$ cat protein_19.cif   # mmCIF, C-alpha atoms
data_structure
#
loop_
_atom_site.group_PDB
_atom_site.id
_atom_site.type_symbol
_atom_site.label_atom_id
_atom_site.label_comp_id
_atom_site.auth_asym_id
_atom_site.auth_seq_id
_atom_site.Cartn_x
_atom_site.Cartn_y
_atom_site.Cartn_z
ATOM 1 C CA PRO A 1 124.807 89.725 99.596
ATOM 2 C CA GLY A 2 122.275 87.808 97.493
ATOM 3 C CA LEU A 3 121.385 85.570 100.449
ATOM 4 C CA LEU A 4 120.870 88.461 102.864
ATOM 5 C CA THR A 5 117.531 90.127 103.336
ATOM 6 C CA VAL A 6 117.267 93.768 102.394
ATOM 7 C CA ARG A 7 117.128 94.742 106.084
ATOM 8 C CA GLU A 8 120.283 92.709 106.832
ATOM 9 C CA LEU A 9 122.146 94.267 103.929
ATOM 10 C CA VAL A 10 121.131 97.794 104.925
ATOM 11 C CA ALA A 11 122.173 97.027 108.512
ATOM 12 C CA LEU A 12 125.710 96.396 107.242
ATOM 13 C CA GLY A 13 125.847 100.156 106.747
ATOM 14 C CA ARG A 14 125.882 100.503 110.518
ATOM 15 C CA THR A 15 129.151 98.539 110.816
ATOM 16 C CA PRO A 16 131.321 101.641 111.405
ATOM 17 C CA HIS A 17 129.141 102.548 114.397
ATOM 18 C CA LEU A 18 129.000 99.131 116.059
ATOM 19 C CA PRO A 19 130.831 98.211 119.270
ATOM 20 C CA ALA A 20 133.168 95.205 119.460
ATOM 21 C CA SER A 21 130.168 92.928 120.079
ATOM 22 C CA ALA A 22 128.863 93.928 116.623
ATOM 23 C CA ARG A 23 125.296 93.964 117.924
ATOM 24 C CA LEU A 24 122.822 96.499 116.634
ATOM 25 C CA SER A 25 121.500 98.875 119.270
ATOM 26 C CA PRO A 26 117.975 100.297 119.174
ATOM 27 C CA GLU A 27 119.524 103.460 117.663
ATOM 28 C CA ASP A 28 121.160 101.365 114.931
ATOM 29 C CA ARG A 29 117.862 99.644 114.163
ATOM 30 C CA ALA A 30 116.171 103.042 113.994
ATOM 31 C CA ALA A 31 118.840 104.249 111.534
ATOM 32 C CA VAL A 32 118.231 101.171 109.352
ATOM 33 C CA ASP A 33 114.458 101.741 109.460
ATOM 34 C CA TRP A 34 114.935 105.411 108.577
ATOM 35 C CA ALA A 35 117.236 104.574 105.647
ATOM 36 C CA LEU A 36 114.803 102.000 104.275
ATOM 37 C CA ASP A 37 111.953 104.485 104.560
ATOM 38 C CA ALA A 38 113.986 107.328 103.032
ATOM 39 C CA VAL A 39 114.465 105.436 99.770
ATOM 40 C CA GLY A 40 111.034 103.798 99.739
ATOM 41 C CA ALA A 41 112.431 100.307 100.409
ATOM 42 C CA THR A 42 110.548 99.449 103.622
ATOM 43 C CA PRO A 43 108.204 97.040 101.770
ATOM 44 C CA LEU A 44 111.296 95.158 100.559
ATOM 45 C CA ALA A 45 112.870 94.717 104.012
ATOM 46 C CA SER A 46 112.141 90.991 104.377
ATOM 47 C CA ARG A 47 112.957 90.034 100.781
ATOM 48 C CA GLN A 48 116.263 88.499 99.789
ATOM 49 C CA PHE A 49 118.561 90.909 97.968
ATOM 50 C CA GLY A 50 119.186 88.355 95.203
ATOM 51 C CA GLU A 51 115.476 88.372 94.287
ATOM 52 C CA LEU A 52 115.245 92.118 93.663
ATOM 53 C CA SER A 53 115.039 94.021 90.403
ATOM 54 C CA ASP A 54 117.897 96.352 89.470
ATOM 55 C CA GLY A 55 115.928 99.396 90.653
ATOM 56 C CA GLN A 56 115.129 97.746 93.984
ATOM 57 C CA ARG A 57 118.782 96.779 94.392
ATOM 58 C CA GLN A 58 119.882 100.383 93.826
ATOM 59 C CA ARG A 59 117.390 101.582 96.430
ATOM 60 C CA THR A 60 118.714 98.987 98.878
ATOM 61 C CA LEU A 61 122.353 99.908 98.299
ATOM 62 C CA THR A 62 121.500 103.586 98.646
ATOM 63 C CA ALA A 63 119.742 102.794 101.943
ATOM 64 C CA ARG A 64 122.849 100.925 103.114
ATOM 65 C CA ALA A 65 124.951 104.005 102.405
ATOM 66 C CA LEU A 66 122.436 106.258 104.180
ATOM 67 C CA ALA A 67 122.383 103.967 107.218
ATOM 68 C CA GLN A 68 125.998 105.003 107.811
ATOM 69 C CA ASP A 69 124.713 108.509 108.588
ATOM 70 C CA PRO A 70 127.081 110.200 106.117
ATOM 71 C CA SER A 71 127.463 113.904 105.489
ATOM 72 C CA LEU A 72 128.758 113.117 101.989
ATOM 73 C CA LEU A 73 127.410 110.457 99.648
ATOM 74 C CA VAL A 74 129.575 109.619 96.616
ATOM 75 C CA LEU A 75 127.845 107.525 93.959
ATOM 76 C CA ASP A 76 129.281 106.154 90.724
ATOM 77 C CA GLU A 77 126.618 105.819 88.030
ATOM 78 C CA PRO A 78 123.775 105.013 90.448
ATOM 79 C CA THR A 79 121.216 105.019 87.627
ATOM 80 C CA SER A 80 123.026 102.485 85.422
ATOM 81 C CA PHE A 81 120.869 99.575 84.289
ATOM 82 C CA LEU A 82 117.680 101.205 85.591
ATOM 83 C CA ASP A 83 114.571 101.851 83.525
ATOM 84 C CA VAL A 84 113.558 105.479 83.029
ATOM 85 C CA PRO A 85 111.012 105.679 85.894
ATOM 86 C CA SER A 86 113.504 104.092 88.317
ATOM 87 C CA ARG A 87 116.218 106.535 87.217
ATOM 88 C CA VAL A 88 113.997 109.524 87.827
ATOM 89 C CA GLU A 89 112.766 108.163 91.184
ATOM 90 C CA LEU A 90 116.285 107.471 92.464
ATOM 91 C CA VAL A 91 117.604 110.890 91.474
ATOM 92 C CA ASP A 92 114.521 112.518 92.983
ATOM 93 C CA VAL A 93 115.091 110.629 96.264
ATOM 94 C CA LEU A 94 118.743 111.717 96.319
ATOM 95 C CA GLY A 95 117.782 115.351 95.693
ATOM 96 C CA ARG A 96 115.151 115.254 98.422
ATOM 97 C CA LEU A 97 117.574 113.704 100.897
ATOM 98 C CA ALA A 98 120.238 116.264 100.019
ATOM 99 C CA ARG A 99 117.819 119.064 100.906
ATOM 100 C CA GLU A 100 116.148 117.487 103.941
ATOM 101 C CA GLN A 101 119.229 115.918 105.537
ATOM 102 C CA ASN A 102 121.794 118.558 104.559
ATOM 103 C CA LEU A 103 123.577 115.775 102.699
ATOM 104 C CA ALA A 104 126.127 116.459 99.985
ATOM 105 C CA VAL A 105 125.509 114.070 97.084
ATOM 106 C CA VAL A 106 128.227 113.726 94.466
ATOM 107 C CA MET A 107 127.501 111.379 91.605
ATOM 108 C CA SER A 108 128.918 110.565 88.228
ATOM 109 C CA THR A 109 126.302 110.079 85.550
ATOM 110 C CA HIS A 110 125.675 109.941 81.841
ATOM 111 C CA GLU A 111 122.081 111.032 82.503
ATOM 112 C CA LEU A 112 122.835 114.621 81.504
ATOM 113 C CA GLU A 113 119.286 115.877 80.977
ATOM 114 C CA LEU A 114 118.210 114.444 84.331
ATOM 115 C CA ALA A 115 121.239 115.903 86.105
ATOM 116 C CA LEU A 116 120.549 119.317 84.557
ATOM 117 C CA ARG A 117 117.103 119.318 86.155
ATOM 118 C CA VAL A 118 118.071 118.333 89.696
ATOM 119 C CA CYS A 119 121.651 119.252 90.548
ATOM 120 C CA ASP A 120 122.920 122.444 92.101
ATOM 121 C CA ARG A 121 126.412 122.304 90.554
ATOM 122 C CA MET A 122 128.001 120.227 87.831
ATOM 123 C CA TRP A 123 131.484 119.271 86.789
ATOM 124 C CA LEU A 124 131.503 118.775 83.037
ATOM 125 C CA LEU A 125 134.332 116.653 81.653
ATOM 126 C CA ASP A 126 135.023 117.429 77.991
ATOM 127 C CA ALA A 127 136.483 114.884 75.571
ATOM 128 C CA ASP A 128 139.870 116.634 75.813
ATOM 129 C CA GLY A 129 139.923 116.151 79.610
ATOM 130 C CA THR A 130 138.997 119.738 80.495
ATOM 131 C CA VAL A 131 136.790 120.020 83.587
ATOM 132 C CA THR A 132 134.385 122.943 83.852
ATOM 133 C CA CYS A 133 132.366 123.614 86.997
ATOM 134 C CA GLY A 134 129.186 125.648 87.270
ATOM 135 C CA THR A 135 125.454 125.593 87.705
ATOM 136 C CA PRO A 136 123.488 123.795 85.014
ATOM 137 C CA THR A 137 122.253 127.149 83.693
ATOM 138 C CA GLU A 138 125.771 128.597 83.547
ATOM 139 C CA LEU A 139 127.116 125.588 81.670
ATOM 140 C CA ALA A 140 124.175 125.553 79.264
ATOM 141 C CA GLU A 141 124.196 129.284 78.512
ATOM 142 C CA SER A 142 127.978 129.373 78.080
ATOM 143 C CA GLY A 143 127.725 126.789 75.301
ATOM 144 C CA ARG A 144 129.938 124.309 77.176
ATOM 145 C CA ILE A 145 127.313 121.555 77.170
ATOM 146 C CA GLY A 146 126.712 121.915 73.456
ATOM 147 C CA ALA A 147 130.451 121.984 72.773
ATOM 148 C CA ALA A 148 130.921 118.780 74.740
ATOM 149 C CA PHE A 149 127.939 116.797 73.462
ATOM 150 C CA ASP A 150 126.644 118.090 70.117
ATOM 151 C CA ARG A 151 127.115 115.402 67.464
ATOM 152 C CA GLY A 152 125.783 115.141 63.937
ATOM 153 C CA ARG A 153 122.184 116.345 63.969
ATOM 154 C CA MET A 154 121.919 116.206 67.765
ATOM 155 C CA ARG A 155 122.140 119.658 69.331
ATOM 156 C CA PHE A 156 121.732 120.876 72.881
ATOM 157 C CA ASP A 157 119.036 123.544 73.303
ATOM 158 C CA PRO A 158 120.142 125.695 76.266
ATOM 159 C CA ALA A 159 116.777 127.479 76.481
ATOM 160 C CA ARG A 160 114.910 124.205 77.058
ATOM 161 C CA MET A 161 117.849 122.309 78.626
ATOM 162 C CA VAL A 162 117.295 119.307 76.338
ATOM 163 C CA PHE A 163 118.872 117.673 73.308
ATOM 164 C CA ASP A 164 117.058 117.863 69.975
ATOM 165 C CA LEU A 165 117.626 116.545 66.518
ATOM 166 C CA ASN A 166 118.291 119.554 64.314
ATOM 167 C CA PRO A 167 115.617 119.434 61.568
ATOM 168 C CA GLU A 168 117.624 121.829 59.355
ATOM 169 C CA SER A 169 120.463 119.370 58.882
ATOM 170 C CA SER A 170 118.056 116.556 57.895
ATOM 171 C CA ARG A 171 116.731 118.326 54.795
ATOM 172 C CA VAL A 172 117.847 116.944 51.491
#

$ encode --input "protein_19.cif" --output "structure tokens"
Amino acid sequence: PGLLTVRELVALGRTPHLPASARLSPEDRAAVDWALDAVGATPLASRQFGELSDGQRQRTLTARALAQDPSLLVLDEPTSFLDVPSRVELVDVLGRLAREQNLAVVMSTHELELALRVCDRMWLLDADGTVTCGTPTELAESGRIGAAFDRGRMRFDPARMVFDLNPESSRV
């Protein structure tokens, strides 16, 4: 894919919809344009995929998935290797698309604080393999997040939905 332009790579998402001739129709081109626009990648359309930053690559790959016109988008660690602003932007785009396009987005992530702020429901996998499902508020208030992630001085504050270093345990 490194030698393809962003537009060409996103157009590969239309493959399931193409006839035997494998030619893009005007509707296919419109779907590619929409997907590029939806993730803010239109300015990248003529660039080669291999020249992009990690954040730009994630946007492109997300656009390729959206070009398929899915009702369900399953993503495995889509924010890996991204800087903080790119992580927030990508998750914000996914949340917006979920609302506007009635799209179910399921993603695995280690970005717990970010997920707590944007997701509707979470599946929390504890170290012992137990899976608990609920809203972020339910999981926080029940103590499940703290039980799964509190370590040493780091404690989850369910009221603020963030992790803090416990100042009490640092006193000598």

$ closest_residue --input "protein_19.cif" --among "A:Arg23, A:Arg64, A:Arg151, A:Arg59" --to "A:Ala11" --atoms "all atoms listed in the file"
A:Arg64

$ atom_distance --input "protein_19.cif" --atom1 "atom CA of A:Pro136" --atom2 "atom CA of A:Glu77"
18.5 Å

$ resolve_selection --input "protein_19.cif" --expression "the PyMOL selection byres ((chain A and resi 72) around 12)" --output "number ranges by chain"
A: 65-66, 68-71, 73-75, 94, 97-98, 101-107

$ residues_around --input "protein_19.cif" --residues "A:Gly40" --least-positions-apart "6" --cutoff "10 Å" --atoms "all atoms listed in the file" --output "JSON, numbers by chain"
{"A": [34, 56, 59, 60, 63, 89, 90, 93]}

$ resolve_selection --input "protein_19.cif" --expression "the PyMOL selection byres ((chain A and resi 154) around 9)" --output "list in words"
Phe149, Asp150, Arg151, Gly152, Arg153, Arg155, Phe156, Phe163, Asp164, Leu165 and Asn166 of chain A

$ atom_distance --input "protein_19.cif" --atom1 "atom CA of A:Gly143" --atom2 "atom CA of A:Leu112"
14.5 Å

$ atom_distance --input "protein_19.cif" --atom1 "atom CA of A:Asp76" --atom2 "atom CA of A:Gln58"
11.5 Å

$ resolve_selection --input "protein_19.cif" --expression "the PyMOL selection byres ((chain A and resi 25-28) around 12)" --output "PDB file with C-alpha atoms, keeping the file's coordinate frame"
ATOM      1  CA  ARG A   7     117.128  94.742 106.084  1.00  0.00           C
ATOM      2  CA  GLU A   8     120.283  92.709 106.832  1.00  0.00           C
ATOM      3  CA  VAL A  10     121.131  97.794 104.925  1.00  0.00           C
ATOM      4  CA  ALA A  11     122.173  97.027 108.512  1.00  0.00           C
ATOM      5  CA  LEU A  12     125.710  96.396 107.242  1.00  0.00           C
ATOM      6  CA  GLY A  13     125.847 100.156 106.747  1.00  0.00           C
ATOM      7  CA  ARG A  14     125.882 100.503 110.518  1.00  0.00           C
ATOM      8  CA  THR A  15     129.151  98.539 110.816  1.00  0.00           C
ATOM      9  CA  PRO A  16     131.321 101.641 111.405  1.00  0.00           C
ATOM     10  CA  HIS A  17     129.141 102.548 114.397  1.00  0.00           C
ATOM     11  CA  LEU A  18     129.000  99.131 116.059  1.00  0.00           C
ATOM     12  CA  PRO A  19     130.831  98.211 119.270  1.00  0.00           C
ATOM     13  CA  SER A  21     130.168  92.928 120.079  1.00  0.00           C
ATOM     14  CA  ALA A  22     128.863  93.928 116.623  1.00  0.00           C
ATOM     15  CA  ARG A  23     125.296  93.964 117.924  1.00  0.00           C
ATOM     16  CA  LEU A  24     122.822  96.499 116.634  1.00  0.00           C
ATOM     17  CA  ARG A  29     117.862  99.644 114.163  1.00  0.00           C
ATOM     18  CA  ALA A  30     116.171 103.042 113.994  1.00  0.00           C
ATOM     19  CA  ALA A  31     118.840 104.249 111.534  1.00  0.00           C
ATOM     20  CA  VAL A  32     118.231 101.171 109.352  1.00  0.00           C
ATOM     21  CA  ASP A  33     114.458 101.741 109.460  1.00  0.00           C
ATOM     22  CA  TRP A  34     114.935 105.411 108.577  1.00  0.00           C
ATOM     23  CA  ALA A  35     117.236 104.574 105.647  1.00  0.00           C
ATOM     24  CA  ARG A  64     122.849 100.925 103.114  1.00  0.00           C
ATOM     25  CA  LEU A  66     122.436 106.258 104.180  1.00  0.00           C
ATOM     26  CA  ALA A  67     122.383 103.967 107.218  1.00  0.00           C
ATOM     27  CA  GLN A  68     125.998 105.003 107.811  1.00  0.00           C
ATOM     28  CA  ASP A  69     124.713 108.509 108.588  1.00  0.00           C
TER      29      ASP A  69
END

$ closest_residue --input "protein_19.cif" --among "A:Leu114, A:Leu9, A:Val39, A:Leu139" --to "A:Arg87" --atoms "all atoms listed in the file"
A:Leu114

$ residues_near_point --input "protein_19.cif" --point "(119.2, 116.5, 81.6)" --cutoff "12 Å" --atoms "only C-alpha atoms" --output "JSON, numbers by chain"
{"A": [87, 88, 91, 109, 110, 111, 112, 113, 114, 115, 116, 117, 118, 119, 122, 136, 137, 140, 145, 149, 156, 157, 158, 160, 161, 162, 163, 164]}

$ axis_aligned_box --input "protein_19.cif" --around "stretch 36-52 of chain A" --padding-each-side "5 Å" --output "lines of an AutoDock Vina configuration file"
center_x = 113.7
center_y = 97.8
center_z = 99.1
size_x = 21.0
size_y = 29.0
size_z = 20.9

$ closest_residue --input "protein_19.cif" --among "A:Asp37, A:Glu51, A:Asp120, A:Asp92" --to "A:Gly134" --atoms "all atoms listed in the file"
A:Asp120

$ residues_around --input "protein_19.cif" --residues "A:Asp54" --least-positions-apart "6" --cutoff "9 Å" --atoms "only C-alpha atoms" --output "MDAnalysis selection string"
chainID A and resid 80:83 86

$ closest_residue --input "protein_19.cif" --among "A:Ala147, A:Val84, A:Val131, A:Leu36" --to "A:Leu61" --atoms "only C-alpha atoms"
A:Leu36

$ decode --input "protein_19.cif" --residues "stretch 114-146 of chain A" --atoms "N, CA and C atoms" --output "mmCIF file, in the first residue's frame"
data_model
loop_
_atom_site.group_PDB
_atom_site.id
_atom_site.type_symbol
_atom_site.label_atom_id
_atom_site.label_comp_id
_atom_site.auth_asym_id
_atom_site.auth_seq_id
_atom_site.Cartn_x
_atom_site.Cartn_y
_atom_site.Cartn_z
ATOM 1 N N LEU A 114 -9.532 8.095 27.859
ATOM 2 C CA LEU A 114 -10.174 8.599 26.648
ATOM 3 C C LEU A 114 -11.458 7.831 26.362
ATOM 4 N N ALA A 115 -11.401 6.522 26.477
ATOM 5 C CA ALA A 115 -12.593 5.694 26.249
ATOM 6 C C ALA A 115 -13.705 6.046 27.234
ATOM 7 N N LEU A 116 -13.346 6.313 28.481
ATOM 8 C CA LEU A 116 -14.347 6.660 29.492
ATOM 9 C C LEU A 116 -15.117 7.925 29.119
ATOM 10 N N ARG A 117 -14.464 8.812 28.396
ATOM 11 C CA ARG A 117 -15.087 10.091 28.041
ATOM 12 C C ARG A 117 -15.973 10.019 26.800
ATOM 13 N N VAL A 118 -15.757 9.023 25.937
ATOM 14 C CA VAL A 118 -16.482 9.040 24.666
ATOM 15 C C VAL A 118 -17.398 7.841 24.406
ATOM 16 N N CYS A 119 -17.175 6.731 25.078
ATOM 17 C CA CYS A 119 -17.953 5.543 24.711
ATOM 18 C C CYS A 119 -19.288 5.468 25.451
ATOM 19 N N ASP A 120 -20.200 4.748 24.841
ATOM 20 C CA ASP A 120 -21.511 4.533 25.435
ATOM 21 C C ASP A 120 -21.491 3.339 26.382
ATOM 22 N N ARG A 121 -20.789 2.271 25.973
ATOM 23 C CA ARG A 121 -20.694 1.044 26.766
ATOM 24 C C ARG A 121 -19.270 0.534 26.685
ATOM 25 N N MET A 122 -18.853 -0.151 27.735
ATOM 26 C CA MET A 122 -17.506 -0.702 27.786
ATOM 27 C C MET A 122 -17.560 -2.154 28.214
ATOM 28 N N TRP A 123 -16.605 -2.911 27.709
ATOM 29 C CA TRP A 123 -16.338 -4.248 28.224
ATOM 30 C C TRP A 123 -14.968 -4.157 28.870
ATOM 31 N N LEU A 124 -14.927 -4.398 30.160
ATOM 32 C CA LEU A 124 -13.696 -4.299 30.933
ATOM 33 C C LEU A 124 -13.178 -5.704 31.187
ATOM 34 N N LEU A 125 -11.971 -5.979 30.735
ATOM 35 C CA LEU A 125 -11.352 -7.286 30.916
ATOM 36 C C LEU A 125 -10.376 -7.204 32.073
ATOM 37 N N ASP A 126 -10.696 -7.890 33.176
ATOM 38 C CA ASP A 126 -9.822 -7.905 34.347
ATOM 39 C C ASP A 126 -8.641 -8.837 34.108
ATOM 40 N N ALA A 127 -7.622 -8.721 34.953
ATOM 41 C CA ALA A 127 -6.433 -9.560 34.838
ATOM 42 C C ALA A 127 -6.762 -11.046 34.957
ATOM 43 N N ASP A 128 -7.819 -11.382 35.688
ATOM 44 C CA ASP A 128 -8.190 -12.795 35.858
ATOM 45 C C ASP A 128 -9.049 -13.320 34.712
ATOM 46 N N GLY A 129 -9.306 -12.472 33.696
ATOM 47 C CA GLY A 129 -10.081 -12.895 32.532
ATOM 48 C C GLY A 129 -11.566 -12.616 32.635
ATOM 49 N N THR A 130 -12.012 -12.023 33.745
ATOM 50 C CA THR A 130 -13.416 -11.686 33.918
ATOM 51 C C THR A 130 -13.765 -10.479 33.044
ATOM 52 N N VAL A 131 -14.888 -10.573 32.335
ATOM 53 C CA VAL A 131 -15.354 -9.470 31.500
ATOM 54 C C VAL A 131 -16.594 -8.872 32.159
ATOM 55 N N THR A 132 -16.565 -7.558 32.346
ATOM 56 C CA THR A 132 -17.694 -6.838 32.913
ATOM 57 C C THR A 132 -18.139 -5.798 31.889
ATOM 58 N N CYS A 133 -19.437 -5.717 31.664
ATOM 59 C CA CYS A 133 -19.986 -4.778 30.693
ATOM 60 C C CYS A 133 -20.833 -3.738 31.425
ATOM 61 N N GLY A 134 -20.747 -2.497 30.966
ATOM 62 C CA GLY A 134 -21.572 -1.445 31.529
ATOM 63 C C GLY A 134 -21.212 -0.103 30.942
ATOM 64 N N THR A 135 -21.916 0.922 31.383
ATOM 65 C CA THR A 135 -21.553 2.269 30.962
ATOM 66 C C THR A 135 -20.287 2.661 31.708
ATOM 67 N N PRO A 136 -19.565 3.645 31.215
ATOM 68 C CA PRO A 136 -18.381 4.090 31.946
ATOM 69 C C PRO A 136 -18.699 4.484 33.387
ATOM 70 N N THR A 137 -19.810 5.178 33.589
ATOM 71 C CA THR A 137 -20.190 5.595 34.943
ATOM 72 C C THR A 137 -20.461 4.392 35.831
ATOM 73 N N GLU A 138 -21.188 3.405 35.314
ATOM 74 C CA GLU A 138 -21.480 2.205 36.100
ATOM 75 C C GLU A 138 -20.199 1.479 36.512
ATOM 76 N N LEU A 139 -19.277 1.329 35.569
ATOM 77 C CA LEU A 139 -18.039 0.626 35.875
ATOM 78 C C LEU A 139 -17.171 1.412 36.857
ATOM 79 N N ALA A 140 -17.166 2.732 36.721
ATOM 80 C CA ALA A 140 -16.385 3.560 37.634
ATOM 81 C C ALA A 140 -16.967 3.532 39.040
ATOM 82 N N GLU A 141 -18.276 3.771 39.146
ATOM 83 C CA GLU A 141 -18.914 3.841 40.463
ATOM 84 C C GLU A 141 -18.943 2.500 41.179
ATOM 85 N N SER A 142 -18.950 1.402 40.430
ATOM 86 C CA SER A 142 -18.965 0.079 41.052
ATOM 87 C C SER A 142 -17.600 -0.306 41.612
ATOM 88 N N GLY A 143 -16.570 0.444 41.258
ATOM 89 C CA GLY A 143 -15.222 0.129 41.723
ATOM 90 C C GLY A 143 -14.488 -0.848 40.817
ATOM 91 N N ARG A 144 -15.128 -1.292 39.739
ATOM 92 C CA ARG A 144 -14.505 -2.281 38.851
ATOM 93 C C ARG A 144 -13.259 -1.727 38.143
ATOM 94 N N ILE A 145 -13.295 -0.457 37.762
ATOM 95 C CA ILE A 145 -12.137 0.114 37.081
ATOM 96 C C ILE A 145 -10.962 0.204 38.045
ATOM 97 N N GLY A 146 -11.221 0.688 39.242
ATOM 98 C CA GLY A 146 -10.162 0.750 40.240
ATOM 99 C C GLY A 146 -9.611 -0.624 40.563
#
